[in-house]
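See structure below.
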Amino acid sequence: MQSAVAGESQRSGSRIKWSRVGVYALVIIVLLWTLAPLYFLVITSFKTLIGTTTYPISWIPHPFTLQNYAIMFSHYSQDSVSFRFLHALRNSVIAAGVTTLLNLVLGTAAAYVLSRARIRGKNIITMSFLASNLVPAIALVIPFYVLTVTYMGSLHLYDTNTVLIIVYTSFSLGLVIWIMRAYFDSIPQDLEEAGMVDGASRIRTLLQILLPLTAPGLLATGLLTFLTSWDNFVLPLTLAPNSSAYNLPFFIYSLNGQYLHMNNEIAAGGILTAIPPVLILILFGKYIVSGLTAGSVKG
């Protein structure tokens, strides 16, 4: 009897052991599948142009060079790679930064009104704003192009940072309103009433009492808006394809010519473009997660 129990226990332990081995093997496969393209991008950025076209592929850069990164910040002439890179970097910072600021100001104000005002059908209004985030950007590119060029041509918005900021804001505003309204709904109105009893206006109550309580939501929505605007490629490709307002993803695309593919410079540009989003996720990733979930569990 004891030997039977011992045998069954041994078989059970063996099954558990092999199941763990299977789980670890699956995790390793997923990691390799995920990280291999990133590793290939990194090593390509340290290769010469000839090194990117050799076969079989070298998984260690030889010769190792930093020239691909140096070229992004040197030889600052009108047609140089560095001029176009720094110009695209400036455009990306302006478009993503202004879009984030506008979304936080307009989205927070709209969310506060939808949370506190007695408006008939405000849930439908909120979901209508959120629905704008569910439509793929590629489906709205042509309508935005027609509106910008045909119906608003006199405003000269085409190929400017202004049109990109307007379009980015229209795509992100619904998410900001939805998240921030959940935060305002979770805060008791007694806090506002107490502030007004003490003589504070509604604006002062919003700025000094409510906004500090919704700081996690503001941080989360601000970071998400910035990342979405920073990485956008389809909209700049259509609405700002020339030299005045193109962003970093479009700059990387422009390095790929008809007869010459600068794979090493493309890889270096991709790494430099990815650094801000990666740093944001490393430094503020936990705040994004907590900010998206805290509003639904408060109160």
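For the structure tokens, the naming scheme is as follows: chains receive sequential letters (A, B, ...) according to their order of presentation, residues are indexed from 1 within each chain, and ligands are indexed from 1 in presentation order.
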
Contacts of stretch 226-229 of chain A at 7 Å (only C-alpha atoms; same-chain gap of 4+ positions) as a CSV table (one decimal) with N, CA and C atoms, in the first residue's frame:
```csv
chain,number,residue,atom,x,y,z
A,96,ALA,N,3.6,66.1,-30.3
A,96,ALA,CA,3.2,65.2,-29.2
A,96,ALA,C,3.0,66.1,-27.9
A,97,GLY,N,3.9,67.0,-27.7
A,97,GLY,CA,3.8,67.8,-26.4
A,97,GLY,C,2.5,68.7,-26.4
A,100,THR,N,-0.6,66.5,-26.1
A,100,THR,CA,-0.8,66.1,-24.7
A,100,THR,C,-1.4,67.2,-23.9
A,168,TYR,N,-4.4,64.6,-34.0
A,168,TYR,CA,-4.0,63.8,-32.9
A,168,TYR,C,-4.9,64.0,-31.7
A,222,GLY,N,-2.0,61.5,-19.9
A,222,GLY,CA,-1.0,62.3,-20.6
A,222,GLY,C,0.1,61.5,-21.2
A,277,PRO,N,10.0,56.7,-25.8
A,277,PRO,CA,8.9,55.9,-25.3
A,277,PRO,C,9.4,54.8,-24.3
```

Which polymer residues have any atom within 10 Å of an atom of A:Leu134, counting only C-alpha atoms, with same-chain residues fewer than 4 positions away left out, as a list in words?
Phe129, Leu130, Phe171, Gly174 and Leu175 of chain A

Please identify the alpha helix (DSSP H) residues within stretch 57-170 of chain A (assignment by DSSP from backbone atoms) and present them as a VMD selection string.
chain A and resid 67 to 70 81 to 116 122 to 131 137 to 146 161 to 170

Would you save the residues of that selection, restricted to C-alpha atoms, as a PDB file, in the first residue's frame?
```pdb
ATOM      1  CA  GLN A  67      29.034  56.304 -37.335  1.00  0.00           C
ATOM      2  CA  ASN A  68      25.320  55.658 -37.839  1.00  0.00           C
ATOM      3  CA  TYR A  69      24.531  57.531 -34.627  1.00  0.00           C
ATOM      4  CA  ALA A  70      27.133  60.226 -35.174  1.00  0.00           C
ATOM      5  CA  VAL A  81      20.643  63.338 -42.613  1.00  0.00           C
ATOM      6  CA  SER A  82      21.327  65.141 -39.339  1.00  0.00           C
ATOM      7  CA  PHE A  83      19.350  68.215 -40.442  1.00  0.00           C
ATOM      8  CA  ARG A  84      16.348  66.084 -41.341  1.00  0.00           C
ATOM      9  CA  PHE A  85      16.645  64.015 -38.153  1.00  0.00           C
ATOM     10  CA  LEU A  86      16.828  67.026 -35.824  1.00  0.00           C
ATOM     11  CA  HIS A  87      14.036  68.731 -37.757  1.00  0.00           C
ATOM     12  CA  ALA A  88      11.859  65.621 -37.411  1.00  0.00           C
ATOM     13  CA  LEU A  89      12.762  65.388 -33.710  1.00  0.00           C
ATOM     14  CA  ARG A  90      11.657  68.980 -33.163  1.00  0.00           C
ATOM     15  CA  ASN A  91       8.384  68.360 -34.998  1.00  0.00           C
ATOM     16  CA  SER A  92       7.680  65.200 -32.992  1.00  0.00           C
ATOM     17  CA  VAL A  93       8.317  66.980 -29.686  1.00  0.00           C
ATOM     18  CA  ILE A  94       6.093  69.925 -30.655  1.00  0.00           C
ATOM     19  CA  ALA A  95       3.231  67.822 -32.016  1.00  0.00           C
ATOM     20  CA  ALA A  96       3.233  65.248 -29.194  1.00  0.00           C
ATOM     21  CA  GLY A  97       3.779  67.848 -26.446  1.00  0.00           C
ATOM     22  CA  VAL A  98       1.071  70.281 -27.579  1.00  0.00           C
ATOM     23  CA  THR A  99      -1.344  67.400 -28.241  1.00  0.00           C
ATOM     24  CA  THR A 100      -0.808  66.079 -24.726  1.00  0.00           C
ATOM     25  CA  LEU A 101      -1.367  69.508 -23.188  1.00  0.00           C
ATOM     26  CA  LEU A 102      -4.534  70.138 -25.205  1.00  0.00           C
ATOM     27  CA  ASN A 103      -5.939  66.716 -24.379  1.00  0.00           C
ATOM     28  CA  LEU A 104      -5.361  67.168 -20.663  1.00  0.00           C
ATOM     29  CA  VAL A 105      -6.931  70.644 -20.587  1.00  0.00           C
ATOM     30  CA  LEU A 106      -9.893  69.996 -22.887  1.00  0.00           C
ATOM     31  CA  GLY A 107     -10.440  66.392 -21.807  1.00  0.00           C
ATOM     32  CA  THR A 108     -10.335  67.176 -18.091  1.00  0.00           C
ATOM     33  CA  ALA A 109     -12.739  70.114 -18.492  1.00  0.00           C
ATOM     34  CA  ALA A 110     -15.172  68.031 -20.549  1.00  0.00           C
ATOM     35  CA  ALA A 111     -14.932  65.093 -18.140  1.00  0.00           C
ATOM     36  CA  TYR A 112     -15.663  67.354 -15.168  1.00  0.00           C
ATOM     37  CA  VAL A 113     -18.750  68.784 -16.864  1.00  0.00           C
ATOM     38  CA  LEU A 114     -20.021  65.319 -17.833  1.00  0.00           C
ATOM     39  CA  SER A 115     -19.457  64.097 -14.287  1.00  0.00           C
ATOM     40  CA  ARG A 116     -20.959  66.964 -12.325  1.00  0.00           C
ATOM     41  CA  LYS A 122     -24.324  62.246 -20.801  1.00  0.00           C
ATOM     42  CA  ASN A 123     -23.425  58.541 -20.795  1.00  0.00           C
ATOM     43  CA  ILE A 124     -24.188  58.421 -24.510  1.00  0.00           C
ATOM     44  CA  ILE A 125     -22.084  61.543 -25.026  1.00  0.00           C
ATOM     45  CA  THR A 126     -19.149  59.972 -23.174  1.00  0.00           C
ATOM     46  CA  MET A 127     -19.369  56.747 -25.184  1.00  0.00           C
ATOM     47  CA  SER A 128     -19.629  58.758 -28.395  1.00  0.00           C
ATOM     48  CA  PHE A 129     -16.325  60.439 -27.572  1.00  0.00           C
ATOM     49  CA  LEU A 130     -14.782  57.076 -26.728  1.00  0.00           C
ATOM     50  CA  ALA A 131     -16.029  55.589 -30.002  1.00  0.00           C
ATOM     51  CA  ALA A 137      -6.782  55.885 -38.097  1.00  0.00           C
ATOM     52  CA  ILE A 138      -6.278  54.529 -41.603  1.00  0.00           C
ATOM     53  CA  ALA A 139     -10.048  54.653 -42.172  1.00  0.00           C
ATOM     54  CA  LEU A 140     -10.170  58.393 -41.472  1.00  0.00           C
ATOM     55  CA  VAL A 141      -7.053  59.452 -43.340  1.00  0.00           C
ATOM     56  CA  ILE A 142      -8.850  60.250 -46.599  1.00  0.00           C
ATOM     57  CA  PRO A 143     -11.679  62.240 -44.933  1.00  0.00           C
ATOM     58  CA  PHE A 144      -9.127  64.282 -42.985  1.00  0.00           C
ATOM     59  CA  TYR A 145      -7.126  64.860 -46.160  1.00  0.00           C
ATOM     60  CA  VAL A 146     -10.193  66.041 -48.083  1.00  0.00           C
ATOM     61  CA  ASN A 161       2.263  70.791 -37.240  1.00  0.00           C
ATOM     62  CA  THR A 162      -1.081  72.470 -36.621  1.00  0.00           C
ATOM     63  CA  VAL A 163      -3.083  69.943 -38.636  1.00  0.00           C
ATOM     64  CA  LEU A 164      -1.269  67.050 -36.964  1.00  0.00           C
ATOM     65  CA  ILE A 165      -2.000  68.471 -33.514  1.00  0.00           C
ATOM     66  CA  ILE A 166      -5.682  68.883 -34.395  1.00  0.00           C
ATOM     67  CA  VAL A 167      -5.959  65.338 -35.738  1.00  0.00           C
ATOM     68  CA  TYR A 168      -3.961  63.779 -32.882  1.00  0.00           C
ATOM     69  CA  THR A 169      -6.148  65.588 -30.362  1.00  0.00           C
ATOM     70  CA  SER A 170      -9.361  64.431 -32.015  1.00  0.00           C
TER      71      SER A 170
END
```

Residues near stretch 27-39 of chain A, cut-off 12 Å, only C-alpha atoms, skip fewer than 2 positions along chain, as a ChimeraX atom specification:
/A:20-25,41-46,58-61,267-268,270-271,274

Export N, CA and C atoms of the chosen residues as a short mmCIF file (atom, residue, chain, number, x, y, z; two decimals), in the first residue's frame?
```
data_model
loop_
_atom_site.label_atom_id
_atom_site.label_comp_id
_atom_site.auth_asym_id
_atom_site.auth_seq_id
_atom_site.Cartn_x
_atom_site.Cartn_y
_atom_site.Cartn_z
N ARG A 20 6.39 22.21 -15.52
CA ARG A 20 7.20 23.42 -15.32
C ARG A 20 8.21 23.59 -16.44
N VAL A 21 8.81 22.49 -16.83
CA VAL A 21 9.76 22.55 -17.94
C VAL A 21 9.06 23.07 -19.21
N GLY A 22 7.84 22.59 -19.46
CA GLY A 22 7.09 23.06 -20.61
C GLY A 22 6.77 24.54 -20.54
N VAL A 23 6.40 25.01 -19.33
CA VAL A 23 6.10 26.43 -19.15
C VAL A 23 7.34 27.27 -19.40
N TYR A 24 8.47 26.86 -18.82
CA TYR A 24 9.71 27.61 -19.01
C TYR A 24 10.13 27.61 -20.47
N ALA A 25 9.97 26.49 -21.14
CA ALA A 25 10.32 26.42 -22.56
C ALA A 25 9.45 27.37 -23.38
N LEU A 41 17.68 44.79 -34.67
CA LEU A 41 17.68 46.24 -34.91
C LEU A 41 18.89 46.90 -34.26
N VAL A 42 19.20 46.48 -33.03
CA VAL A 42 20.32 47.08 -32.30
C VAL A 42 21.65 46.79 -33.02
N ILE A 43 21.89 45.52 -33.37
CA ILE A 43 23.18 45.20 -33.99
C ILE A 43 23.30 45.82 -35.39
N THR A 44 22.17 45.96 -36.08
CA THR A 44 22.21 46.60 -37.39
C THR A 44 22.62 48.06 -37.28
N SER A 45 22.21 48.71 -36.19
CA SER A 45 22.56 50.12 -36.01
C SER A 45 24.05 50.32 -35.77
N PHE A 46 24.77 49.25 -35.43
CA PHE A 46 26.22 49.35 -35.21
C PHE A 46 27.02 48.76 -36.36
N SER A 58 25.36 38.26 -39.90
CA SER A 58 26.26 38.29 -38.75
C SER A 58 25.50 38.82 -37.53
N TRP A 59 25.44 38.02 -36.48
CA TRP A 59 24.71 38.41 -35.28
C TRP A 59 25.57 39.22 -34.31
N ILE A 60 26.80 39.49 -34.71
CA ILE A 60 27.69 40.36 -33.95
C ILE A 60 28.24 41.40 -34.93
N PRO A 61 28.07 42.69 -34.66
CA PRO A 61 28.53 43.72 -35.60
C PRO A 61 30.03 43.63 -35.87
N ALA A 267 18.13 51.68 -38.89
CA ALA A 267 18.17 51.04 -37.57
C ALA A 267 18.56 52.03 -36.49
N ALA A 268 19.57 52.87 -36.77
CA ALA A 268 19.98 53.88 -35.79
C ALA A 268 18.86 54.88 -35.52
N GLY A 270 15.69 54.26 -35.84
CA GLY A 270 14.67 53.56 -35.07
C GLY A 270 15.00 53.46 -33.60
N ILE A 271 16.27 53.21 -33.29
CA ILE A 271 16.69 53.14 -31.88
C ILE A 271 16.52 54.50 -31.21
N ALA A 274 12.95 55.27 -30.56
CA ALA A 274 12.33 54.43 -29.53
C ALA A 274 12.79 54.79 -28.12
#
```

Provide the atom CA of A:Asp159 to atom CA of A:Leu237 distance in Å, to one decimal place.
9.6 Å

Point-to-point distance in Å for atom CA of A:Leu218 and atom CA of A:Asn133
17.9 Å

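For the atom pair formed by atom CA of A:His156 and atom CA of A:Pro136, the distance is 25.6 Å, given to one decimal.
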